[in-house]
Structures are given as C-alpha cells and as structure tokens.
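Structure data follow from query-v1.txt (compact mmCIF, C-alpha atoms):
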```
# COMPACT_ATOMS: atom_id res chain seq x y z
CA MET S 27 8.64 -41.14 -19.59
CA GLN S 28 10.00 -37.60 -19.40
CA GLN S 29 8.77 -35.53 -22.32
CA ILE S 30 11.58 -33.66 -24.09
CA PRO S 31 10.68 -29.95 -24.01
CA SER S 32 10.48 -28.16 -27.34
CA ALA S 33 10.43 -24.39 -27.89
CA ARG S 34 6.72 -24.64 -28.61
CA SER S 35 5.90 -26.64 -25.46
CA GLU S 36 7.97 -24.29 -23.27
CA PHE S 37 6.19 -21.27 -24.77
CA ALA S 38 2.77 -22.89 -24.28
CA ALA S 39 3.62 -23.77 -20.68
CA GLY S 40 4.59 -20.12 -20.11
CA VAL S 41 1.31 -18.85 -21.52
CA ARG S 42 -0.60 -21.32 -19.32
CA ALA S 43 1.39 -20.23 -16.24
CA PHE S 44 0.38 -16.65 -17.02
CA MET S 45 -3.38 -17.29 -16.93
CA PRO S 46 -3.96 -16.82 -13.16
CA LEU S 47 -1.99 -13.56 -13.32
CA ALA S 48 -4.58 -12.06 -15.67
CA MET S 49 -6.87 -11.48 -12.66
CA ALA S 50 -4.31 -9.03 -11.26
CA ILE S 51 -3.09 -7.55 -14.57
CA VAL S 52 -6.50 -6.72 -16.05
CA PRO S 53 -7.79 -4.38 -13.31
CA PHE S 54 -4.36 -2.72 -12.94
CA GLY S 55 -4.07 -2.12 -16.71
CA MET S 56 -7.58 -0.69 -16.81
CA VAL S 57 -6.78 1.68 -13.93
CA CYS S 58 -3.62 2.84 -15.73
CA GLY S 59 -5.47 3.53 -18.98
CA ALA S 60 -8.33 5.28 -17.21
CA ALA S 61 -5.97 7.37 -15.05
CA ALA S 62 -4.07 8.65 -18.09
CA VAL S 63 -7.25 9.74 -19.86
CA ALA S 64 -8.72 11.20 -16.64
CA ALA S 65 -5.57 13.32 -16.26
CA GLY S 66 -6.11 14.79 -19.71
CA MET S 67 -3.98 12.64 -22.01
CA SER S 68 -5.24 11.77 -25.46
CA ALA S 69 -6.20 8.14 -26.05
CA TRP S 70 -3.16 7.70 -28.29
CA GLN S 71 -0.79 9.16 -25.66
CA ALA S 72 -2.34 6.95 -22.96
CA PHE S 73 -1.93 3.84 -25.10
CA SER S 74 1.62 4.75 -26.14
CA MET S 75 2.62 4.97 -22.46
CA SER S 76 1.48 1.42 -21.87
CA TRP S 77 3.77 -0.08 -24.53
CA ILE S 78 6.67 2.42 -24.47
CA ILE S 79 7.07 2.38 -20.66
CA PHE S 80 5.29 -0.95 -19.93
CA ALA S 81 5.51 -0.56 -16.13
CA GLY S 82 2.21 0.18 -14.41
CA SER S 83 3.39 1.79 -11.18
CA ALA S 84 5.90 3.99 -13.04
CA GLN S 85 3.22 5.01 -15.56
CA ILE S 86 0.80 6.07 -12.82
CA VAL S 87 3.42 8.09 -10.96
CA ALA S 88 4.62 9.72 -14.19
CA ILE S 89 1.03 10.79 -14.95
CA GLN S 90 0.61 12.24 -11.44
CA LEU S 91 3.94 14.10 -11.58
CA LEU S 92 3.25 15.55 -15.02
CA GLY S 93 -0.17 16.71 -13.81
CA ASP S 94 1.48 18.35 -10.77
CA GLY S 95 3.88 20.23 -13.04
CA ALA S 96 7.06 18.43 -11.96
CA PRO S 97 10.16 19.08 -14.12
CA LEU S 98 10.92 16.46 -16.77
CA LEU S 99 14.22 15.49 -15.15
CA VAL S 100 12.45 14.73 -11.84
CA ILE S 101 9.86 12.59 -13.64
CA VAL S 102 12.57 10.59 -15.41
CA ALA S 103 14.58 10.17 -12.18
CA THR S 104 11.48 9.07 -10.24
CA VAL S 105 10.52 6.53 -12.91
CA ALA S 106 14.10 5.23 -12.78
CA VAL S 107 13.88 4.78 -8.99
CA ILE S 108 10.54 2.97 -9.21
CA ASN S 109 11.93 0.66 -11.90
CA LEU S 110 15.26 -0.02 -10.15
CA ARG S 111 13.89 -3.38 -9.06
CA PHE S 112 13.93 -4.45 -12.73
CA MET S 113 17.70 -4.05 -12.63
CA MET S 114 17.81 -6.76 -9.98
CA TYR S 115 15.55 -9.04 -12.07
CA SER S 116 17.54 -8.38 -15.24
CA ALA S 117 20.81 -9.12 -13.46
CA SER S 118 19.54 -12.45 -12.19
CA LEU S 119 18.39 -13.42 -15.71
CA GLY S 120 21.87 -12.65 -17.09
CA PRO S 121 23.55 -15.98 -16.25
CA HIS S 122 20.57 -17.89 -17.71
CA SER S 123 20.77 -15.87 -20.93
CA ALA S 124 24.45 -16.39 -21.74
CA SER S 125 23.65 -18.45 -24.86
CA LEU S 126 21.12 -15.93 -26.25
CA ASN S 127 21.89 -13.29 -28.86
CA THR S 128 21.41 -9.57 -28.18
CA ARG S 129 18.01 -9.46 -29.89
CA TRP S 130 16.63 -12.16 -27.56
CA ARG S 131 18.07 -10.43 -24.50
CA ALA S 132 16.59 -7.10 -25.58
CA LEU S 133 13.19 -8.75 -26.04
CA LEU S 134 13.24 -10.50 -22.66
CA ALA S 135 14.52 -7.30 -21.00
CA TYR S 136 11.77 -5.12 -22.50
CA LEU S 137 9.13 -7.60 -21.29
CA ILE S 138 10.35 -7.82 -17.66
CA THR S 139 7.57 -7.35 -15.09
CA ASP S 140 7.32 -8.36 -11.43
CA GLN S 141 5.01 -11.30 -12.03
CA ALA S 142 6.56 -12.65 -15.25
CA TYR S 143 10.03 -12.50 -13.70
CA ALA S 144 8.88 -14.38 -10.59
CA LEU S 145 7.42 -17.23 -12.67
CA GLY S 146 10.26 -17.26 -15.19
CA ILE S 147 13.07 -17.47 -12.64
CA MET S 148 11.30 -20.26 -10.74
CA HIS S 149 11.11 -22.26 -13.96
CA TYR S 150 14.81 -21.61 -14.75
CA LEU S 151 15.73 -23.06 -11.33
CA GLU S 152 13.81 -26.33 -11.82
CA PRO S 153 15.93 -29.41 -12.61
CA GLY S 154 16.18 -30.79 -16.13
CA ASP S 155 17.15 -29.47 -19.55
CA ARG S 156 17.40 -25.66 -19.41
CA SER S 157 18.38 -24.83 -22.98
CA LEU S 158 14.92 -23.70 -24.15
CA ARG S 159 13.60 -22.11 -20.95
CA HIS S 160 13.81 -18.60 -22.37
CA TRP S 161 10.76 -19.67 -24.42
CA PHE S 162 8.85 -20.23 -21.16
CA LEU S 163 9.82 -16.75 -19.90
CA PHE S 164 8.82 -15.33 -23.29
CA GLY S 165 5.47 -17.16 -23.02
CA VAL S 166 4.70 -15.67 -19.59
CA SER S 167 5.94 -12.18 -20.36
CA GLY S 168 4.53 -12.05 -23.89
CA ALA S 169 1.09 -13.05 -22.61
CA THR S 170 1.43 -10.44 -19.85
CA TRP S 171 2.22 -7.82 -22.50
CA VAL S 172 -0.78 -8.65 -24.67
CA CYS S 173 -3.10 -8.74 -21.64
CA TRP S 174 -1.73 -5.42 -20.37
CA GLN S 175 -2.26 -3.66 -23.73
CA LEU S 176 -5.83 -4.96 -24.04
CA ALA S 177 -6.67 -3.98 -20.45
CA THR S 178 -5.20 -0.52 -21.03
CA ILE S 179 -7.35 -0.03 -24.15
CA VAL S 180 -10.48 -1.05 -22.20
CA GLY S 181 -9.49 1.39 -19.42
CA ILE S 182 -8.99 4.20 -21.96
CA LEU S 183 -12.39 3.53 -23.57
CA LEU S 184 -14.33 3.06 -20.31
CA GLY S 185 -12.39 5.52 -18.14
CA SER S 186 -14.29 8.56 -19.29
CA LEU S 187 -17.65 6.82 -18.71
CA ILE S 188 -17.11 5.86 -15.05
CA PRO S 189 -18.57 8.41 -12.59
CA GLN S 190 -16.09 10.19 -10.25
CA ASP S 191 -18.04 9.26 -7.09
CA TRP S 192 -17.30 5.55 -7.56
CA SER S 193 -13.83 6.35 -6.11
CA LEU S 194 -12.17 3.91 -8.50
CA ASP S 195 -8.86 5.77 -8.03
CA PHE S 196 -8.72 3.81 -4.75
CA ILE S 197 -7.94 0.63 -6.75
CA LEU S 198 -4.44 2.03 -7.22
CA PRO S 199 -3.31 2.09 -3.56
CA LEU S 200 -5.14 -1.23 -3.05
CA THR S 201 -3.13 -2.84 -5.86
CA PHE S 202 0.14 -1.57 -4.40
CA ILE S 203 -0.86 -2.72 -0.90
CA ALA S 204 -1.43 -6.22 -2.33
CA ILE S 205 2.01 -6.14 -3.97
CA VAL S 206 4.02 -4.75 -1.06
CA VAL S 207 2.46 -6.36 2.04
CA PRO S 208 3.65 -9.93 1.24
CA LEU S 209 7.21 -8.56 0.86
CA LEU S 210 7.31 -7.30 4.47
CA SER S 211 8.37 -10.60 5.96
CA ASN S 212 11.10 -9.27 8.27
CA ARG S 213 11.75 -6.19 10.41
CA ALA S 214 14.25 -4.64 7.97
CA MET S 215 11.72 -4.74 5.10
CA LEU S 216 8.98 -3.42 7.40
CA LEU S 217 11.13 -0.51 8.61
CA ALA S 218 12.11 0.34 5.01
CA ALA S 219 8.41 0.45 4.11
CA ILE S 220 7.42 2.58 7.13
CA ALA S 221 10.26 5.01 6.43
CA GLY S 222 9.31 5.29 2.74
CA GLY S 223 5.66 5.91 3.58
CA LEU S 224 6.39 8.50 6.29
CA VAL S 225 8.87 10.49 4.22
CA SER S 226 6.45 10.61 1.28
CA VAL S 227 3.72 12.38 3.28
CA LEU S 228 5.55 14.20 6.09
CA ILE S 229 8.35 15.90 4.19
CA VAL S 230 7.35 18.43 1.57
CA LEU S 231 10.17 18.92 -0.92
CA PRO S 232 10.30 21.28 -3.87
CA LEU S 233 10.06 19.94 -7.44
CA LYS S 234 8.10 16.83 -6.33
CA LEU S 235 11.26 15.10 -5.17
CA ASN S 236 9.36 13.36 -2.34
CA LEU S 237 9.26 9.93 -3.91
CA ILE S 238 12.99 9.88 -4.58
CA ALA S 239 13.70 11.06 -1.03
CA ALA S 240 11.32 8.43 0.34
CA ALA S 241 13.00 5.67 -1.67
CA VAL S 242 16.52 6.67 -0.65
CA THR S 243 15.51 6.96 3.03
CA GLY S 244 13.66 3.64 2.96
CA ILE S 245 16.59 1.81 1.34
CA ALA S 246 19.04 3.34 3.85
CA ILE S 247 16.85 2.37 6.81
CA GLY S 248 16.49 -1.15 5.41
CA LEU S 249 20.26 -1.54 5.04
CA ILE S 250 20.90 -0.17 8.56
CA ALA S 251 18.31 -2.56 10.01
CA GLU S 252 19.98 -5.40 8.14
CA LYS S 253 23.35 -4.46 9.67
CA LEU S 254 21.66 -4.66 13.07
CA GLY S 255 20.63 -8.23 12.25
CA TRP S 256 16.91 -7.47 11.77
CA ALA S 257 16.63 -9.06 8.33
CA LYS S 258 15.80 -12.47 9.78
CA MET N 179 -13.04 19.82 -13.76
CA THR N 180 -9.69 20.99 -15.08
CA LEU N 181 -7.46 18.35 -16.59
CA PRO N 182 -3.91 18.95 -15.38
CA ILE N 183 -2.15 17.33 -18.30
CA GLY N 184 -4.64 18.80 -20.78
CA ASP N 185 -2.83 22.12 -20.30
CA SER N 186 0.61 20.66 -21.11
CA PRO N 187 1.73 21.05 -24.73
CA ALA N 188 1.67 17.75 -26.60
CA LEU N 189 5.44 18.02 -27.14
CA ILE N 190 6.04 17.94 -23.36
CA VAL N 191 3.79 14.90 -22.93
CA TRP N 192 5.52 13.01 -25.75
CA THR N 193 8.98 13.94 -24.48
CA MET N 194 7.99 12.62 -21.05
CA ILE N 195 6.63 9.35 -22.49
CA LEU N 196 9.69 8.74 -24.67
CA SER N 197 12.31 9.66 -22.06
CA THR N 198 10.68 7.61 -19.27
CA GLY N 199 10.29 4.74 -21.75
CA LEU N 200 13.96 4.94 -22.66
CA ILE N 201 15.16 4.92 -19.03
CA SER N 202 12.82 1.99 -18.28
CA PHE N 203 14.32 -0.04 -21.13
CA VAL N 204 17.93 0.85 -20.24
CA ILE N 205 17.37 -0.28 -16.62
CA ARG N 206 15.91 -3.58 -17.79
CA PHE N 207 18.42 -4.21 -20.57
CA VAL N 208 21.88 -3.21 -19.30
CA PRO N 209 22.26 -5.91 -16.60
CA ILE N 210 21.03 -8.79 -18.80
CA ALA N 211 23.21 -7.52 -21.66
CA LEU N 212 26.38 -7.39 -19.57
CA LEU N 213 25.90 -9.92 -16.84
CA ALA N 214 26.98 -12.97 -18.69
CA ARG N 215 30.38 -11.36 -17.99
CA PHE N 216 29.92 -9.08 -14.96
CA ASP N 217 28.07 -9.31 -11.67
CA LEU N 218 26.44 -6.47 -9.76
CA PRO N 219 28.47 -5.44 -6.71
CA ARG N 220 27.22 -7.04 -3.49
CA TRP N 221 26.28 -3.75 -1.80
CA LEU N 222 24.14 -2.77 -4.81
CA LYS N 223 22.32 -6.12 -4.71
CA ARG N 224 21.64 -5.65 -0.99
CA ALA N 225 20.30 -2.13 -1.60
CA LEU N 226 18.10 -3.16 -4.55
CA ILE N 227 16.31 -5.70 -2.35
CA TYR N 228 14.78 -2.81 -0.39
CA VAL N 229 13.60 -0.82 -3.44
CA PRO N 230 10.06 -2.25 -3.71
CA SER N 231 9.48 -2.10 0.08
CA ALA N 232 10.58 1.55 0.19
CA VAL N 233 8.99 2.80 -3.04
CA MET N 234 5.53 1.17 -2.90
CA PRO N 235 4.49 2.76 0.46
CA ALA N 236 5.74 6.10 -0.91
CA ILE N 237 3.13 5.73 -3.68
CA ILE N 238 0.42 4.35 -1.36
CA ALA N 239 0.68 6.90 1.47
CA PRO N 240 0.08 10.07 -0.62
CA ALA N 241 -2.90 8.35 -2.31
CA LEU N 242 -4.38 7.76 1.15
CA PHE N 243 -3.49 10.97 3.00
CA PHE N 244 -3.67 13.53 0.16
CA PRO N 245 -7.09 12.75 -1.36
CA GLY N 246 -7.28 16.27 -2.80
CA GLY N 247 -3.91 15.94 -4.47
CA ALA N 248 -2.49 18.83 -2.43
CA PRO N 249 0.30 18.09 0.06
CA THR N 250 -1.95 18.73 3.07
CA ILE N 251 -2.80 15.71 5.21
CA VAL N 252 -6.56 15.05 5.23
CA LEU N 253 -7.87 12.26 7.44
CA ASP N 254 -10.45 10.63 5.19
CA THR N 255 -11.79 7.98 7.61
CA PRO N 256 -13.44 5.62 5.07
CA ARG N 257 -10.28 5.52 2.93
CA LEU N 258 -7.95 4.92 5.87
CA ALA N 259 -10.17 2.24 7.40
CA ALA N 260 -10.63 0.47 4.05
CA ALA N 261 -6.85 0.61 3.45
CA ALA N 262 -6.17 -0.86 6.92
CA LEU N 263 -8.56 -3.71 6.17
CA ALA N 264 -6.90 -4.22 2.77
CA ILE N 265 -3.48 -4.55 4.47
CA LEU N 266 -4.85 -7.39 6.63
CA ILE N 267 -6.49 -9.08 3.63
CA ALA N 268 -3.26 -8.77 1.61
CA TRP N 269 -1.31 -10.36 4.48
CA TRP N 270 -3.74 -13.27 4.87
CA THR N 271 -4.61 -14.03 1.25
CA ARG N 272 -1.54 -12.67 -0.66
CA SER N 273 -4.01 -12.10 -3.49
CA VAL N 274 -4.28 -8.87 -5.50
CA LEU N 275 -7.83 -9.72 -6.50
CA TRP N 276 -9.12 -10.29 -2.95
CA THR N 277 -7.33 -7.20 -1.66
CA VAL N 278 -8.90 -4.99 -4.34
CA VAL N 279 -12.38 -6.55 -4.02
CA VAL N 280 -12.54 -6.35 -0.21
CA GLY N 281 -10.89 -2.90 -0.12
CA MET N 282 -13.29 -1.38 -2.66
CA GLY N 283 -16.29 -3.05 -0.98
CA ALA N 284 -15.23 -1.67 2.40
CA LEU N 285 -14.73 1.83 0.96
CA TRP N 286 -18.19 1.88 -0.65
CA ALA N 287 -19.86 0.51 2.51
CA LEU N 288 -18.10 3.08 4.73
CA GLN N 289 -18.86 5.95 2.34
CA ALA N 290 -22.53 4.95 2.45
CA LEU N 291 -22.48 4.80 6.27
CA VAL N 292 -20.46 7.99 6.86
CA PRO N 293 -22.19 10.72 4.89
```

Can I see the file as structure tokens?
Amino acid sequence: MQQIPSARSEFAAGVRAFMPLAMAIVPFGMVCGAAAVAAGMSAWQAFSMSWIIFAGSAQIVAIQLLGDGAPLLVIVATVAVINLRFMMYSASLGPHSASLNTRWRALLAYLITDQAYALGIMHYLEPGDRSLRHWFLFGVSGATWVCWQLATIVGILLGSLIPQDWSLDFILPLTFIAIVVPLLSNRAMLLAAIAGGLVSVLIVLPLKLNLIAAAVTGIAIGLIAEKLGWAK
Amino acid sequence: MTLPIGDSPALIVWTMILSTGLISFVIRFVPIALLARFDLPRWLKRALIYVPSAVMPAIIAPALFFPGGAPTIVLDTPRLAAAALAILIAWWTRSVLWTVVVGMGALWALQALVP
C-alpha cells in the first residue's frame, strides 16, 4: 500500500537524501573557512560569510579578490556571475512553488545550492502527490546548510593550525574539477569550459575583471557552438 | 607572511560580505518569487546553461597556473600533473571525494619525488 506522504516524512526523506552529500560538503566548507582565516579575516567575519553568502565558490573568489585589492563593485559583479546558475535553479523551482507563500519561497531561495537543487528537482518530477514536496527540498537544503556551517567552523578553528607546506589550497581546484568535469558531456560545454579557462589565465585585465571576461567569453563560445549543432 | 585582507579596514570587509550576500540572495529569490507568473526568456535560459562550464574553469585555471598569486604563468609540474589525473578521476568516478583524495595524494607523491 502506498504510504501517504506527510510534511514530516517528506522532510525526513530530504535529510536522508542529503547524507551522501556530506562527504563533498564537509571538505569544501572546511576549505572555505580555512581560506578566509588564512587571508586575514577574523573568525567572526569568516563565519558570517558562510551564512550571509552561503555559496562556497563565490565565497572563495570574493576572498581572493578582496585580498588582491579588487574594487568592491568588481567583487559584487563577479559573485553575481558565479551565482548566475542559481537563477536557473530558482526559475525552475518557480512553477513547483506556486502554492507557497513569500516566506516559504524566500527560505527555499536562500537555501539553494547545486546539490540540494539537483536532488530537490528530481523529487518534484517523480509521480504521485506533489503538494508537500517543498518539505523534501527544505530537508535536503536545510541539512546542507547546517552541515556547511559546522564544516566552516571546523575550517576556521583548524585552518590556522595546518602547515602551509601541506598544499591544502589545492583542494579548491580539485573540488571545482570534480564539479565541472561531469558537466562537459558535449562539445559546446567543453568549448565553453576551454574558453573560460584560457581567458582567465591568458588575458590580464585591470581591476581583476578576468573572471567576468572569462565567463562572458565562455558563454558566448558555448552558444555559438550550440548554433553550429555541437550541443549533441 | 603578510595577510592581504588583514590590511583592509573592517568596514570594507563587512561591506563586501553584506553586498555580495545581498546580490546572492536577490539572484536566488527573484526568479522563484516571480516565476509562478513569468518565465525566463528562452535565450537567457540557453545562456545560463553555459555559466557553470565557463565559470568553473576560470576559477580552476588561475589556481593551477598562478601558484604565487601573481598573474605570471608558472609551470608547477606536480600541480599540473595532479590536476590532469584529477580530471580523469572526476570523469570516471563523478565523485568529489575520490577526485579530491586521488588529486591530493598525487600532489603529495609528486612533491616528494620532485624536490
């Protein structure tokens, strides 16, 4: 017999679905916390970043740019570019959230991350009663949030103790490699990635605008490749 | 070692944290707030698909080629070799954990071998 889902069972299922993600979230959160302290932020500033911004890759880049003396406007614009993908996620959650009030939507929006979105949207698309599935998304993304904050605190506390010659900063590019490589499933995606990478190291722009230039070039190359029929 | 952000006044750091936090929330919130009624234009959806593919390598490449932080390309063989191995592992396993474990292990082994 099909069990009728309740808010509580949806939420619990979301938290359970989150569990395997912890293995990726914990090291990333620790790296973010440690990187902020290593760059000279106070523990309180480092922790505030992790809940005010709540986007690991954007946090890391913001720390680097601030350390390099980039203007505030460039930092904000770069963070916006890195987080543009959340706009896509948020848009696709819109139709599933039509029955929710603004407070619920604001909560789900604030908690959007790559992994929680991927699990949440898959669950929304399963057959059956959908009326309480926002509780599942809240379960995944709420657990992600708690895990992220705890990992960040550990990173802040341990970051200053880890010797420089362990090269732990290398975890950062490794994490991003693990995120981006599975996305490169067609030639258009691959060309967008190559273009983004090349522009970021070969073109030196004033005011640390490289990342924005790399993103715009990569997106343009991807769209051109798609027009040429290479997105198959 | 000098701490780059340690020299910034606290006000600048807090302004950065709050303004980047605000833009991050606006980006996440506006579509879900409006899209029960509106849809993103098709061209924007197509373009957004390429954002992660274009942005992530633009974060990875400087971390690999500018180990000193300065915009001068330095060929650090252990880092580049370990990153190349990590790309293969990421492709085969699709696992963040395995990619990080094998990549770090390879970096430490190569750093021990190449003095």

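Near S:Leu233, within a cut-off of 9 Å and counting all atoms listed in the file, sit the residues S:Gly95, S:Ala96, S:Pro97, S:Val100, with same-chain residues fewer than 6 positions away left out.
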
Can I get the selection written as a PDB file, in the frame of the given file, with C-alpha atoms?
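Written output follows (out24.pdb):
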```
ATOM      1  CA  GLY S  95       3.880  20.230 -13.040  1.00  0.00           C
ATOM      2  CA  ALA S  96       7.060  18.430 -11.960  1.00  0.00           C
ATOM      3  CA  PRO S  97      10.160  19.080 -14.120  1.00  0.00           C
ATOM      4  CA  VAL S 100      12.450  14.730 -11.840  1.00  0.00           C
TER       5      VAL S 100
END
```

Would you kindly return, as a PyMOL selection string, each protein, DNA or RNA residue with an atom no farther than 8 Å from any atom of N:Met234, considering all atoms listed in the file and excluding same-chain residues fewer than 3 positions away?
(chain S and resi 202-203+206+219+222) or (chain N and resi 230-231+237-238)

Enumerate, as JSON, numbers by chain, the protein, DNA and RNA residues whose atoms approach (17.7, -12.9, -14.3) to within 12 Å, taking into account only C-alpha atoms and the coordinate frame of the file.
{"S": [111, 112, 113, 114, 115, 116, 117, 118, 119, 120, 121, 122, 123, 124, 131, 134, 135, 138, 139, 140, 142, 143, 144, 145, 146, 147, 148, 149, 150, 151, 160, 163], "N": [206, 207, 208, 209, 210, 211, 212, 213, 214, 217, 218]}

Can you spit out the residues from that selection as a compact mmCIF listing (two decimals), in the coordinates of the input, using C-alpha atoms?
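Output contents, as saved in again.txt:
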```txt
# COMPACT_ATOMS: atom_id res chain seq x y z
CA ARG S 111 13.89 -3.38 -9.06
CA PHE S 112 13.93 -4.45 -12.73
CA MET S 113 17.70 -4.05 -12.63
CA MET S 114 17.81 -6.76 -9.98
CA TYR S 115 15.55 -9.04 -12.07
CA SER S 116 17.54 -8.38 -15.24
CA ALA S 117 20.81 -9.12 -13.46
CA SER S 118 19.54 -12.45 -12.19
CA LEU S 119 18.39 -13.42 -15.71
CA GLY S 120 21.87 -12.65 -17.09
CA PRO S 121 23.55 -15.98 -16.25
CA HIS S 122 20.57 -17.89 -17.71
CA SER S 123 20.77 -15.87 -20.93
CA ALA S 124 24.45 -16.39 -21.74
CA ARG S 131 18.07 -10.43 -24.50
CA LEU S 134 13.24 -10.50 -22.66
CA ALA S 135 14.52 -7.30 -21.00
CA ILE S 138 10.35 -7.82 -17.66
CA THR S 139 7.57 -7.35 -15.09
CA ASP S 140 7.32 -8.36 -11.43
CA ALA S 142 6.56 -12.65 -15.25
CA TYR S 143 10.03 -12.50 -13.70
CA ALA S 144 8.88 -14.38 -10.59
CA LEU S 145 7.42 -17.23 -12.67
CA GLY S 146 10.26 -17.26 -15.19
CA ILE S 147 13.07 -17.47 -12.64
CA MET S 148 11.30 -20.26 -10.74
CA HIS S 149 11.11 -22.26 -13.96
CA TYR S 150 14.81 -21.61 -14.75
CA LEU S 151 15.73 -23.06 -11.33
CA HIS S 160 13.81 -18.60 -22.37
CA LEU S 163 9.82 -16.75 -19.90
CA ARG N 206 15.91 -3.58 -17.79
CA PHE N 207 18.42 -4.21 -20.57
CA VAL N 208 21.88 -3.21 -19.30
CA PRO N 209 22.26 -5.91 -16.60
CA ILE N 210 21.03 -8.79 -18.80
CA ALA N 211 23.21 -7.52 -21.66
CA LEU N 212 26.38 -7.39 -19.57
CA LEU N 213 25.90 -9.92 -16.84
CA ALA N 214 26.98 -12.97 -18.69
CA ASP N 217 28.07 -9.31 -11.67
CA LEU N 218 26.44 -6.47 -9.76
```

For N:Ala260, find every residue with an atom within 7 Å (counting only C-alpha atoms), except residues of its own chain fewer than 4 positions away, and show them as a VMD selection string.
chain N and resid 256 264 281 284 to 285

Contacts of S:Val172 at 12 Å (all atoms listed in the file; same-chain gap of 5+ positions) as a PyMOL selection string:
chain S and resi 41+44-45+48+51-52+55+76-77+80+137+164-167+177-179

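The neighbours of N:Arg257 here are the residues that come within 10 Å of it, using only C-alpha atoms and leaving out any residue fewer than 6 positions away in the same chain; they are S:Ser193, S:Phe196, N:Ala241, N:Leu242, N:Phe243, N:Pro245, N:Leu263, N:Gly281, N:Met282, N:Ala284, N:Leu285, N:Trp286, N:Leu288, N:Gln289.
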
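Here atom CA of S:Val107 is placed at a distance of 6.8 Å from atom CA of S:Ile238.
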
Considering only C-alpha atoms, state which residue in the set S:Arg159, S:Gly154, S:Gly66, S:Asp191 is at the smallest distance from chain N.
S:Gly66

For the point (8.3, 5.8, -19.0) in file coordinates, what residues are within 9 Å, counting only C-alpha atoms? Give the answer as JSON, numbers by chain?
{"S": [75, 76, 78, 79, 80, 81, 84, 85, 88, 101, 102, 105, 106], "N": [194, 195, 196, 197, 198, 199, 200, 201, 202, 203]}

Go ahead and save the residues from that selection, with C-alpha atoms, as a CSV table (one decimal), in the coordinates of the input.
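The new file again20.csv reads:
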```
chain,number,residue,atom,x,y,z
S,75,MET,CA,2.6,5.0,-22.5
S,76,SER,CA,1.5,1.4,-21.9
S,78,ILE,CA,6.7,2.4,-24.5
S,79,ILE,CA,7.1,2.4,-20.7
S,80,PHE,CA,5.3,-1.0,-19.9
S,81,ALA,CA,5.5,-0.6,-16.1
S,84,ALA,CA,5.9,4.0,-13.0
S,85,GLN,CA,3.2,5.0,-15.6
S,88,ALA,CA,4.6,9.7,-14.2
S,101,ILE,CA,9.9,12.6,-13.6
S,102,VAL,CA,12.6,10.6,-15.4
S,105,VAL,CA,10.5,6.5,-12.9
S,106,ALA,CA,14.1,5.2,-12.8
N,194,MET,CA,8.0,12.6,-21.0
N,195,ILE,CA,6.6,9.4,-22.5
N,196,LEU,CA,9.7,8.7,-24.7
N,197,SER,CA,12.3,9.7,-22.1
N,198,THR,CA,10.7,7.6,-19.3
N,199,GLY,CA,10.3,4.7,-21.8
N,200,LEU,CA,14.0,4.9,-22.7
N,201,ILE,CA,15.2,4.9,-19.0
N,202,SER,CA,12.8,2.0,-18.3
N,203,PHE,CA,14.3,0.0,-21.1
```

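Rounded to one decimal, atom CA of S:Ala239 and atom CA of S:Ile108 lie 11.9 Å from each other.
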
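For the choices S:Leu110, S:Ile197, S:Met56, S:Ser226, the atom-to-atom distance to N:Ala225 is smallest for S:Leu110 when using only C-alpha atoms.
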
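The nearest approach to chain N among the residues S:Ala62, S:Leu235, S:Ala204, S:Ala72, with all atoms listed in the file taken into account, belongs to S:Ala204.
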
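For the set N:Val279, N:Leu266, N:Leu189, N:Ala232, the residue with the smallest atom-to-atom gap to chain S is N:Ala232, counting all atoms listed in the file.
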
How many Å separate atom CA of S:Arg213 from atom CA of S:Gly248?
8.5 Å

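Minimum atom-to-atom distance to chain N, evaluated using all atoms listed in the file, belongs to S:Pro53 out of S:Gly185, S:Gly59, S:Gly255, S:Pro53.
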
Nearest to S:Ala221: which of N:Ala239, N:Leu226, N:Ile205, N:Ile183 is it, counting only C-alpha atoms?
N:Ala239
